[in-house]
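Source file: coords.cif (mmCIF, C-alpha atoms)
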```
data_query
loop_
_atom_site.label_atom_id
_atom_site.label_comp_id
_atom_site.auth_asym_id
_atom_site.auth_seq_id
_atom_site.Cartn_x
_atom_site.Cartn_y
_atom_site.Cartn_z
CA MET A 22 -13.62 64.68 -157.51
CA ASN A 23 -15.18 67.08 -159.98
CA ILE A 24 -13.45 69.89 -161.82
CA ASN A 25 -15.90 71.96 -163.84
CA GLN A 26 -14.92 74.78 -166.21
CA LEU A 27 -17.91 77.09 -166.66
CA PRO A 28 -18.72 79.14 -169.78
CA GLU A 29 -16.60 82.20 -170.48
CA ILE A 30 -17.76 85.47 -168.90
CA ASN A 31 -17.87 88.66 -170.97
CA PRO A 32 -14.70 90.58 -169.95
CA GLU A 33 -16.83 93.74 -169.66
CA GLU A 34 -18.34 92.26 -166.47
CA PHE A 35 -14.96 92.88 -164.80
CA SER A 36 -14.33 96.40 -166.16
CA GLU A 37 -15.67 98.39 -163.22
CA LEU A 38 -13.94 96.13 -160.69
CA TYR A 39 -10.66 96.33 -162.63
CA CYS A 40 -10.78 100.15 -162.49
CA MET A 41 -11.55 100.11 -158.76
CA LEU A 42 -8.72 97.70 -157.98
CA ASN A 43 -6.21 99.74 -159.95
CA GLN A 44 -6.95 102.68 -157.63
CA ILE A 45 -5.97 100.90 -154.40
CA THR A 46 -2.93 99.06 -153.13
CA ILE A 47 -3.73 95.46 -152.29
CA PRO A 48 -1.94 94.49 -149.07
CA LEU A 49 1.45 92.82 -149.35
CA LYS A 50 1.56 89.55 -147.42
CA ASN A 51 4.71 87.73 -146.44
CA SER A 52 5.57 84.32 -145.08
CA THR A 53 5.42 85.47 -141.46
CA ASN A 54 1.80 86.64 -141.57
CA SER A 55 0.27 84.47 -144.25
CA ARG A 56 0.67 81.14 -146.02
CA ARG A 57 4.27 80.14 -145.46
CA GLN A 58 4.95 78.49 -148.82
CA PHE A 59 3.68 81.52 -150.79
CA GLY A 60 6.39 84.03 -149.92
CA LYS A 61 5.59 87.71 -150.51
CA HIS A 62 2.38 88.29 -152.45
CA ARG A 63 -0.51 90.77 -152.77
CA SER A 64 -3.87 89.47 -151.60
CA THR A 65 -6.83 90.20 -149.38
CA THR A 66 -10.15 88.66 -148.42
CA PHE A 67 -13.63 90.14 -148.68
CA GLY A 68 -16.83 88.82 -147.17
CA PHE A 69 -16.89 86.82 -143.97
CA THR A 70 -13.68 85.60 -142.38
CA ARG A 71 -12.64 84.31 -139.00
CA GLY A 72 -11.05 87.05 -136.92
CA ARG A 73 -7.33 86.51 -136.44
CA PHE A 74 -7.42 87.39 -132.74
CA ASN A 75 -11.00 86.78 -131.59
CA GLY A 76 -11.82 83.71 -133.72
CA LYS A 77 -15.29 85.07 -134.56
CA TYR A 78 -16.69 85.02 -138.08
CA GLN A 79 -17.22 88.60 -139.15
CA LEU A 80 -17.06 90.90 -142.14
CA SER A 81 -13.44 91.29 -143.26
CA GLN A 82 -11.48 94.51 -142.82
CA SER A 83 -11.17 94.88 -146.61
CA SER A 84 -14.97 94.67 -146.94
CA ILE A 85 -15.34 97.47 -144.41
CA LYS A 86 -12.52 99.60 -145.86
CA TYR A 87 -13.65 99.18 -149.50
CA PRO A 88 -17.46 98.75 -149.47
CA SER A 89 -17.84 99.60 -153.17
CA ILE A 90 -15.34 96.88 -154.13
CA TYR A 91 -17.08 94.42 -151.81
CA LYS A 92 -20.43 95.25 -153.45
CA GLU A 93 -18.96 94.76 -156.93
CA LEU A 94 -17.35 91.44 -155.92
CA LYS A 95 -20.74 90.26 -154.66
CA ARG A 96 -22.42 91.36 -157.91
CA ILE A 97 -19.94 89.34 -159.95
CA GLY A 98 -20.15 86.36 -157.60
CA ASP A 99 -23.94 86.32 -157.75
CA LEU A 100 -23.68 86.41 -161.55
CA ILE A 101 -21.18 83.56 -162.00
CA CYS A 102 -21.04 81.41 -158.86
CA PRO A 103 -23.30 78.32 -158.95
CA PHE A 104 -23.26 77.90 -155.15
CA ALA A 105 -23.76 80.04 -152.05
CA TYR A 106 -20.49 81.53 -150.79
CA THR A 107 -19.38 83.45 -147.72
CA SER A 108 -15.99 84.77 -148.78
CA MET A 109 -14.04 86.13 -151.73
CA HIS A 110 -10.25 86.00 -151.86
CA LEU A 111 -8.50 88.45 -154.20
CA ASN A 112 -4.98 87.90 -155.54
CA ASN A 113 -2.95 90.34 -157.63
CA ASN A 114 -0.16 88.86 -159.76
CA VAL A 115 0.19 85.90 -157.40
CA ILE A 116 1.87 82.77 -158.68
CA CYS A 117 0.69 80.13 -156.23
CA PRO A 118 2.90 77.17 -155.40
CA LYS A 119 1.38 73.70 -155.02
CA HIS A 120 -1.10 73.75 -152.16
CA LYS A 121 -4.54 72.77 -150.88
CA ASP A 122 -6.98 75.18 -149.25
CA CYS A 123 -7.25 73.52 -145.85
CA ASN A 124 -9.85 75.92 -144.41
CA ASN A 125 -12.33 75.99 -147.30
CA VAL A 126 -15.61 74.09 -147.04
CA GLY A 127 -16.87 72.49 -150.27
CA ASP A 128 -16.37 73.84 -153.78
CA SER A 129 -14.51 76.99 -154.70
CA LEU A 130 -14.89 79.05 -157.86
CA LEU A 131 -11.76 80.63 -159.37
CA VAL A 132 -11.85 83.24 -162.14
CA SER A 133 -9.13 85.61 -163.32
CA PHE A 134 -9.21 88.83 -165.29
CA GLY A 135 -6.93 91.65 -166.34
CA ASP A 136 -4.40 92.53 -169.00
CA TYR A 137 -2.21 89.43 -168.82
CA ASN A 138 -1.06 86.21 -170.43
CA GLY A 139 0.07 82.94 -168.86
CA CYS A 140 -0.15 81.97 -165.20
CA ASN A 141 -2.75 79.25 -165.80
CA ILE A 142 -3.97 77.10 -162.93
CA VAL A 143 -3.07 73.43 -162.71
CA VAL A 144 -5.63 71.39 -160.78
CA ASP A 145 -5.05 67.71 -160.14
CA GLY A 146 -2.46 67.63 -162.95
CA THR A 147 -4.57 69.38 -165.64
CA GLU A 148 -3.91 72.96 -166.78
CA TYR A 149 -6.80 75.42 -167.15
CA ASP A 150 -7.02 78.97 -168.50
CA THR A 151 -9.22 80.94 -166.07
CA ASN A 152 -9.04 84.32 -167.84
CA CYS A 153 -12.77 85.16 -167.71
CA LYS A 154 -13.40 81.38 -167.65
CA PRO A 155 -14.47 80.30 -164.16
CA ILE A 156 -13.48 76.90 -162.82
CA VAL A 157 -15.16 75.13 -159.90
CA PHE A 158 -13.33 72.54 -157.80
CA ASP A 159 -12.80 71.51 -154.20
CA GLY A 160 -9.56 73.27 -153.27
CA LYS A 161 -9.40 71.46 -149.96
CA LEU A 162 -9.17 68.06 -151.67
CA LEU A 163 -7.38 68.86 -154.95
CA GLU A 164 -3.82 70.15 -155.09
CA HIS A 165 -3.46 73.19 -157.32
CA TYR A 166 -0.91 75.82 -158.39
CA ASN A 167 -0.16 78.38 -161.12
CA THR A 168 2.26 78.10 -164.00
CA ASN A 169 5.19 80.50 -163.55
CA ASP A 170 4.86 82.45 -166.82
CA LEU A 171 2.83 85.55 -165.93
CA ILE A 172 3.13 88.56 -168.23
CA GLY A 173 1.02 91.62 -167.39
CA ASN A 174 -1.42 92.48 -164.60
CA LYS A 175 -3.61 89.62 -163.34
CA TYR A 176 -6.33 89.60 -160.71
CA SER A 177 -7.77 86.31 -159.47
CA LEU A 178 -10.98 85.89 -157.49
CA ILE A 179 -11.78 82.83 -155.43
CA TYR A 180 -15.34 82.48 -154.18
CA TYR A 181 -15.64 79.95 -151.36
CA ASN A 182 -17.14 79.11 -148.00
CA ALA A 183 -14.99 79.84 -144.99
CA HIS A 184 -17.27 77.78 -142.77
CA ASN A 185 -20.43 75.71 -143.04
CA ASN A 186 -22.60 78.88 -143.20
CA THR A 187 -24.26 78.22 -139.83
CA PHE A 188 -22.43 81.24 -138.35
CA LEU A 189 -24.39 83.52 -140.71
CA GLN A 190 -27.81 82.34 -139.57
#
```
What does the file become when written as structure tokens?
Amino acid sequence: MNINQLPEINPEEFSELYCMLNQITIPLKNSTNSRRQFGKHRSTTFGFTRGRFNGKYQLSQSSIKYPSIYKELKRIGDLICPFAYTSMHLNNNVICPKHKDCNNVGDSLLVSFGDYNGCNIVVDGTEYDTNCKPIVFDGKLLEHYNTNDLIGNKYSLIYYNAHNNTFLQ
């Protein structure tokens, strides 16, 4: 199973997105409506997701509500992601417990940015700094989590495929 840290991205590439995100409130999730082991956390998904009630793959509510953020996420993804993706998950100051991404298909790209220190990702027992340094790995197969030492304001982006892409054709 491959884990690939890509070259560092110029932090300026995230400047516009950082300003946009600081102007909104990212939804607060809790264990009753989201991943049970995560507890309360701020996150949302852009791009295509499966509807919670109808089961259809469609553009997420966050993409519709914040089209300029969605456009900027796509710009960054197209710049740094070495594979086609359908979805982008956004976390704000989330310290993830050990988990696997059971619904992802294939590789995921994780990159973080912001005014922070700590909170590195540990994938398959190895710690990585993802602050403007993307990492690609299969989150469905490899257990991963964050170190619990976050200081500051951190955003994390995960680019992935929510399905095998046939629903988009």
With only C-alpha atoms counted and 12 Å as the cut-off, give the residues of stretch 33-116 of chain A in contact with stretch 173-179 of chain A, each with its shortest interatomic distance in Å and the pair that gives it, as a tab-separated table.
```
residue	atom	partner	partner_atom	distance
A:Phe35	CA	A:Tyr176	CA	10.1
A:Ser36	CA	A:Tyr176	CA	11.8
A:Leu38	CA	A:Tyr176	CA	10.0
A:Tyr39	CA	A:Tyr176	CA	8.2
A:Cys40	CA	A:Tyr176	CA	11.6
A:Met41	CA	A:Tyr176	CA	11.9
A:Leu42	CA	A:Tyr176	CA	8.9
A:Asn43	CA	A:Asn174	CA	9.9
A:Ile47	CA	A:Tyr176	CA	10.6
A:Arg63	CA	A:Tyr176	CA	9.9
A:Ser64	CA	A:Ser177	CA	9.3
A:Thr65	CA	A:Leu178	CA	10.1
A:Thr66	CA	A:Ile179	CA	9.3
A:Phe67	CA	A:Ile179	CA	10.1
A:Gly68	CA	A:Ile179	CA	11.4
A:Tyr91	CA	A:Leu178	CA	11.9
A:Glu93	CA	A:Leu178	CA	11.9
A:Leu94	CA	A:Leu178	CA	8.6
A:Lys95	CA	A:Leu178	CA	11.1
A:Ile97	CA	A:Leu178	CA	9.9
A:Gly98	CA	A:Leu178	CA	9.2
A:Ile101	CA	A:Leu178	CA	11.4
A:Cys102	CA	A:Ile179	CA	10.0
A:Tyr106	CA	A:Ile179	CA	10.0
A:Thr107	CA	A:Ile179	CA	10.8
A:Ser108	CA	A:Ile179	CA	8.1
A:Met109	CA	A:Ile179	CA	5.4
A:His110	CA	A:Ile179	CA	5.0
A:Leu111	CA	A:Leu178	CA	4.9
A:Asn112	CA	A:Ser177	CA	5.1
A:Asn113	CA	A:Tyr176	CA	4.6
A:Asn114	CA	A:Lys175	CA	5.0
A:Val115	CA	A:Lys175	CA	8.0
A:Ile116	CA	A:Lys175	CA	9.9
```
Could you write those residues out with C-alpha atoms, as a PDB file, in the coordinates of the input?
```pdb
ATOM      1  CA  PHE A  35     -14.960  92.880-164.800  1.00  0.00           C
ATOM      2  CA  SER A  36     -14.330  96.400-166.160  1.00  0.00           C
ATOM      3  CA  LEU A  38     -13.940  96.130-160.690  1.00  0.00           C
ATOM      4  CA  TYR A  39     -10.660  96.330-162.630  1.00  0.00           C
ATOM      5  CA  CYS A  40     -10.780 100.150-162.490  1.00  0.00           C
ATOM      6  CA  MET A  41     -11.550 100.110-158.760  1.00  0.00           C
ATOM      7  CA  LEU A  42      -8.720  97.700-157.980  1.00  0.00           C
ATOM      8  CA  ASN A  43      -6.210  99.740-159.950  1.00  0.00           C
ATOM      9  CA  ILE A  47      -3.730  95.460-152.290  1.00  0.00           C
ATOM     10  CA  ARG A  63      -0.510  90.770-152.770  1.00  0.00           C
ATOM     11  CA  SER A  64      -3.870  89.470-151.600  1.00  0.00           C
ATOM     12  CA  THR A  65      -6.830  90.200-149.380  1.00  0.00           C
ATOM     13  CA  THR A  66     -10.150  88.660-148.420  1.00  0.00           C
ATOM     14  CA  PHE A  67     -13.630  90.140-148.680  1.00  0.00           C
ATOM     15  CA  GLY A  68     -16.830  88.820-147.170  1.00  0.00           C
ATOM     16  CA  TYR A  91     -17.080  94.420-151.810  1.00  0.00           C
ATOM     17  CA  GLU A  93     -18.960  94.760-156.930  1.00  0.00           C
ATOM     18  CA  LEU A  94     -17.350  91.440-155.920  1.00  0.00           C
ATOM     19  CA  LYS A  95     -20.740  90.260-154.660  1.00  0.00           C
ATOM     20  CA  ILE A  97     -19.940  89.340-159.950  1.00  0.00           C
ATOM     21  CA  GLY A  98     -20.150  86.360-157.600  1.00  0.00           C
ATOM     22  CA  ILE A 101     -21.180  83.560-162.000  1.00  0.00           C
ATOM     23  CA  CYS A 102     -21.040  81.410-158.860  1.00  0.00           C
ATOM     24  CA  TYR A 106     -20.490  81.530-150.790  1.00  0.00           C
ATOM     25  CA  THR A 107     -19.380  83.450-147.720  1.00  0.00           C
ATOM     26  CA  SER A 108     -15.990  84.770-148.780  1.00  0.00           C
ATOM     27  CA  MET A 109     -14.040  86.130-151.730  1.00  0.00           C
ATOM     28  CA  HIS A 110     -10.250  86.000-151.860  1.00  0.00           C
ATOM     29  CA  LEU A 111      -8.500  88.450-154.200  1.00  0.00           C
ATOM     30  CA  ASN A 112      -4.980  87.900-155.540  1.00  0.00           C
ATOM     31  CA  ASN A 113      -2.950  90.340-157.630  1.00  0.00           C
ATOM     32  CA  ASN A 114      -0.160  88.860-159.760  1.00  0.00           C
ATOM     33  CA  VAL A 115       0.190  85.900-157.400  1.00  0.00           C
ATOM     34  CA  ILE A 116       1.870  82.770-158.680  1.00  0.00           C
TER      35      ILE A 116
END
```
Please provide as a PyMOL selection string all residues within 8 Å of stretch 166-172 of chain A, with the sequence filter that same-chain residues fewer than 3 positions apart are discarded (counting only C-alpha atoms). chain A and resi 114+116-120+137-144
Give me, please, the distance in Å between atom CA of A:Gln26 and atom CA of A:Leu130, quoted to one decimal. 9.4 Å
Option closest in space to A:Asp159, from A:Asp128, A:Thr147, A:Asn25, A:Tyr181 [counting only C-alpha atoms]: A:Asp128
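Here the question is which of A:Ile30, A:Ile24, A:Val126, A:Leu131 gets nearest to A:Cys153 using only C-alpha atoms, and that residue is A:Ile30.
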What separation in Å, quoted to one decimal, exists between atom CA of A:Thr70 and atom CA of A:Tyr180? 12.3 Å
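For the pair atom CA of A:Thr151 and atom CA of A:Asn182, the interatomic distance is 19.8 Å.
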Counting all atoms listed in the file, write as a PyMOL selection string all protein and nucleic acid residues lying at most 9 Å from (-10.8, 67.4, -147.4) in the file's frame. chain A and resi 121-123+125-127+159-163
Selection result of the PyMOL selection byres ((chain A and resi 82) around 12) on this file, as a PyMOL selection string: chain A and resi 48+65-73+78-81+83-88+91
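Nearest to A:Phe134 of all the residues A:Thr46, A:Asn75, A:Asn31, A:Asn23 is A:Asn31, based on all atoms listed in the file.
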So, with all atoms listed in the file as the atoms that count, which of A:Glu37, A:Asp145, A:Phe158, A:His62 lies closest to A:Val132? A:Phe158
